[in-house]
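Participant: My structure file structure.cif, mmCIF, C-alpha atoms, is below:
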data_work
loop_
_atom_site.group_PDB
_atom_site.id
_atom_site.type_symbol
_atom_site.label_atom_id
_atom_site.label_comp_id
_atom_site.auth_asym_id
_atom_site.auth_seq_id
_atom_site.Cartn_x
_atom_site.Cartn_y
_atom_site.Cartn_z
ATOM 1 C CA MET A 269 201.843 -125.119 285.869
ATOM 2 C CA VAL A 270 200.488 -123.048 283.061
ATOM 3 C CA GLN A 271 203.173 -121.179 281.137
ATOM 4 C CA ARG A 272 202.205 -117.786 279.792
ATOM 5 C CA LYS A 273 204.014 -115.974 277.020
ATOM 6 C CA ARG A 274 203.595 -112.225 276.569
ATOM 7 C CA ASP A 275 204.803 -111.005 273.216
ATOM 8 C CA CYS A 276 205.267 -107.399 272.294
ATOM 9 C CA PRO A 277 203.481 -106.950 268.978
ATOM 10 C CA GLU A 278 205.410 -105.475 266.070
ATOM 11 C CA ARG A 279 202.351 -104.063 264.336
ATOM 12 C CA ASN A 280 198.795 -102.987 265.063
ATOM 13 C CA VAL A 281 197.599 -104.859 268.138
ATOM 14 C CA LEU A 282 193.922 -104.410 267.564
ATOM 15 C CA ILE A 283 192.432 -107.394 265.847
ATOM 16 C CA ASP A 284 188.760 -107.193 264.888
ATOM 17 C CA GLU A 285 187.606 -109.129 267.972
ATOM 18 C CA LEU A 286 188.929 -106.338 270.215
ATOM 19 C CA ARG A 287 187.037 -103.561 268.427
ATOM 20 C CA ALA A 288 183.544 -104.462 269.688
ATOM 21 C CA THR A 289 181.932 -105.954 272.772
ATOM 22 C CA PRO A 290 180.133 -109.310 272.525
ATOM 23 C CA ARG A 291 176.909 -107.257 272.226
ATOM 24 C CA GLY A 292 178.280 -105.435 269.184
ATOM 25 C CA GLU A 293 178.971 -102.080 270.882
ATOM 26 C CA ALA A 294 182.056 -100.156 269.764
ATOM 27 C CA PHE A 295 184.799 -100.779 272.338
ATOM 28 C CA VAL A 296 187.806 -98.784 271.087
ATOM 29 C CA LEU A 297 187.610 -95.169 272.200
ATOM 30 C CA ASP A 298 191.100 -94.075 271.172
ATOM 31 C CA GLU A 299 194.017 -95.725 269.392
ATOM 32 C CA ASP A 300 197.381 -94.409 268.347
ATOM 33 C CA ASP A 301 199.625 -97.052 266.790
ATOM 34 C CA GLN A 302 202.541 -94.641 266.438
ATOM 35 C CA ASN A 303 202.633 -93.864 270.168
ATOM 36 C CA ARG A 304 201.376 -97.332 271.129
ATOM 37 C CA PHE A 305 198.323 -96.076 273.037
ATOM 38 C CA TYR A 306 194.990 -97.914 273.076
ATOM 39 C CA MET A 307 191.905 -97.071 275.126
ATOM 40 C CA PHE A 308 188.924 -99.407 275.434
ATOM 41 C CA VAL A 309 185.505 -98.506 276.796
ATOM 42 C CA SER A 310 181.939 -98.999 275.604
ATOM 43 C CA GLN A 311 179.295 -96.276 275.673
ATOM 44 C CA ASN A 312 177.416 -98.266 278.311
ATOM 45 C CA ASN A 313 180.535 -98.329 280.514
ATOM 46 C CA LEU A 314 180.983 -94.553 280.054
ATOM 47 C CA ASP A 315 177.383 -94.011 281.164
ATOM 48 C CA ILE A 316 177.938 -96.143 284.271
ATOM 49 C CA LEU A 317 181.215 -94.362 285.033
ATOM 50 C CA ASN A 318 179.601 -90.930 284.732
ATOM 51 C CA SER A 319 176.848 -91.922 287.151
ATOM 52 C CA CYS A 320 179.308 -93.048 289.870
ATOM 53 C CA ALA A 321 180.867 -90.731 292.423
ATOM 54 C CA ASN A 322 183.834 -92.976 293.300
ATOM 55 C CA TRP A 323 186.463 -94.120 290.788
ATOM 56 C CA PHE A 324 189.511 -96.280 291.453
ATOM 57 C CA CYS A 325 192.477 -96.368 289.082
ATOM 58 C CA ASP A 326 195.398 -98.744 288.867
ATOM 59 C CA GLY A 327 198.125 -99.712 286.445
ATOM 60 C CA THR A 328 199.881 -103.043 286.085
ATOM 61 C CA PHE A 329 202.498 -104.589 283.859
ATOM 62 C CA ASP A 330 201.814 -108.196 284.951
ATOM 63 C CA VAL A 331 198.954 -108.987 282.551
ATOM 64 C CA ALA A 332 199.891 -106.707 279.647
ATOM 65 C CA PRO A 333 202.111 -107.593 276.680
ATOM 66 C CA LEU A 334 205.811 -106.980 277.354
ATOM 67 C CA GLY A 335 206.596 -103.302 277.260
ATOM 68 C CA TYR A 336 202.999 -102.237 277.913
ATOM 69 C CA GLN A 337 201.139 -101.077 280.990
ATOM 70 C CA LEU A 338 197.464 -101.921 281.468
ATOM 71 C CA TYR A 339 195.746 -99.015 283.212
ATOM 72 C CA THR A 340 192.189 -99.574 284.421
ATOM 73 C CA ILE A 341 189.491 -97.379 285.898
ATOM 74 C CA HIS A 342 186.929 -99.031 288.143
ATOM 75 C CA ALA A 343 183.794 -97.511 289.654
ATOM 76 C CA LEU A 344 181.952 -98.283 292.873
ATOM 77 C CA VAL A 345 178.430 -98.960 291.566
ATOM 78 C CA ASN A 346 176.887 -99.802 294.939
ATOM 79 C CA GLN A 347 178.140 -100.406 298.471
ATOM 80 C CA ASN A 348 179.822 -103.715 297.699
ATOM 81 C CA ARG A 349 180.300 -103.889 293.924
ATOM 82 C CA THR A 350 183.146 -102.417 291.937
ATOM 83 C CA LEU A 351 183.298 -102.777 288.143
ATOM 84 C CA PRO A 352 186.255 -102.297 285.790
ATOM 85 C CA LEU A 353 184.947 -99.934 283.106
ATOM 86 C CA VAL A 354 187.870 -98.367 281.230
ATOM 87 C CA TYR A 355 191.004 -100.111 279.983
ATOM 88 C CA SER A 356 194.083 -98.502 278.496
ATOM 89 C CA ALA A 357 197.234 -100.158 277.176
ATOM 90 C CA THR A 358 200.293 -98.000 276.658
ATOM 91 C CA GLU A 359 204.058 -98.253 276.423
ATOM 92 C CA ASN A 360 204.524 -94.877 278.042
ATOM 93 C CA LYS A 361 203.369 -94.026 281.549
ATOM 94 C CA SER A 362 203.980 -90.299 281.370
ATOM 95 C CA GLU A 363 201.745 -87.539 282.678
ATOM 96 C CA ALA A 364 200.667 -86.839 279.083
ATOM 97 C CA VAL A 365 199.244 -90.367 278.788
ATOM 98 C CA TYR A 366 197.155 -89.997 281.937
ATOM 99 C CA ASP A 367 195.993 -86.553 280.765
ATOM 100 C CA ARG A 368 194.904 -88.126 277.490
ATOM 101 C CA ILE A 369 192.894 -90.803 279.299
ATOM 102 C CA PHE A 370 191.095 -88.382 281.600
ATOM 103 C CA ARG A 371 190.417 -85.860 278.834
ATOM 104 C CA TRP A 372 188.223 -88.496 277.195
ATOM 105 C CA LEU A 373 186.325 -88.967 280.452
ATOM 106 C CA GLU A 374 185.509 -85.304 281.126
#
Mind turning this structure into structure tokens?
Facilitator:
Amino acid sequence: MVQRKRDCPERNVLIDELRATPRGEAFVLDEDDQNRFYMFVSQNNLDILNSCANWFCDGTFDVAPLGYQLYTIHALVNQNRTLPLVYSATENKSEAVYDRIFRWLE
């Protein structure tokens, strides 16, 4: 059985590898170390998201570092294909956090 350890980072979580996609596109849309809020999406993913009529959102604590929630936004790109396009990691799951996420997507 594979053991998995999730540590809550004490400092900035964003190492350089997380700041760009493998194709070199900027991937961090918003970051706030003080409030522990990080939002990841590439411009290509934003374009796909804006062209889709159906979005699906979900939050989970299972795969995020301890104390964080991973909130994802997926889009139905055709009849049988859904893609995760936006990722947000936050310690706080208040209404203000969700407002902040969707303000970026307007």
Participant: Have a look at A:Ala332, A:Ile283, A:Leu353, A:Leu297 and name the one nearest to Leu317 in chain A; count all atoms listed in the file.
Facilitator: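 Counting all atoms listed in the file, the residue closest to Leu317 in chain A is A:Leu353.
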Participant: Compile the contact shell of Asn360 in chain A as a count of residues only: residues with an atom at most 9 Å away, counting only C-alpha atoms, same-chain residues fewer than 6 positions apart removed.
Facilitator: 6
Participant: Hey, what's within 12 Å of Arg349 in chain A if we count all atoms listed in the file and toss same-chain stuff fewer than 5 positions away? As a short mmCIF file (atom, residue, chain, number, x, y, z; two decimals) with C-alpha atoms, in the frame of the given file, please?
Facilitator:
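The file below, selection_30.cif, is the result:
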data_model
loop_
_atom_site.label_atom_id
_atom_site.label_comp_id
_atom_site.auth_asym_id
_atom_site.auth_seq_id
_atom_site.Cartn_x
_atom_site.Cartn_y
_atom_site.Cartn_z
CA CYS A 320 179.31 -93.05 289.87
CA ASN A 322 183.83 -92.98 293.30
CA TRP A 323 186.46 -94.12 290.79
CA HIS A 342 186.93 -99.03 288.14
CA ALA A 343 183.79 -97.51 289.65
CA LEU A 344 181.95 -98.28 292.87
#
Participant: For Glu359 in chain A, which of A:Thr289, A:Gln302, A:Gln347, A:Gln311 is the closest residue, counting only C-alpha atoms?
Facilitator: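 Going through A:Thr289, A:Gln302, A:Gln347, A:Gln311 one by one, the smallest distance to Glu359 in chain A is for A:Gln302.
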Participant: Enter the distance from CA of Leu334 in chain A to CA of Leu351 in chain A, in Å, rounded to one decimal.
Facilitator: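 Going from CA of Leu334 in chain A over to CA of Leu351 in chain A, I get 25.3 Å.
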Participant: Using only C-alpha atoms, find the one residue out of A:Val354, A:Cys325, A:Ile316, A:Met307 that sits nearest to Arg368 in chain A.
Facilitator: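 Of A:Val354, A:Cys325, A:Ile316, A:Met307, the one nearest Arg368 in chain A is A:Met307, counting only C-alpha atoms.
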Participant: Would you kindly translate the PyMOL selection byres ((chain A and resi 293) around 12) into the concrete residues it picks from this file, as a PyMOL selection string?
Facilitator: chain A and resi 285-292+294-297+308-313
Participant: Excluding Phe370 in chain A and any residue of its chain fewer than 5 positions from it, enumerate the residues within 12 Å of it, using all atoms listed in the file, and give them as a VMD selection string.
Facilitator: chain A and resid 298 307 314 323 325 339 to 341 354 to 356 363 to 365
Participant: Rounded to one decimal in Å, what is the spacing between CA of Ser362 in chain A and CA of Thr328 in chain A?
Facilitator: 14.2 Å
Participant: Please, what distance in Å, to one decimal, runs between CA of Asn318 in chain A and CA of Pro333 in chain A?
Facilitator: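 Atom-to-atom, CA of Asn318 in chain A to CA of Pro333 in chain A, that is 29.1 Å.
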Participant: Choose the residue, out of A:Ala357, A:Leu373, A:Val345, A:Leu338, that has the smallest atom-to-atom separation from Ala321 in chain A; count all atoms listed in the file.
Facilitator: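 Smallest separation from Ala321 in chain A among the options: A:Val345.
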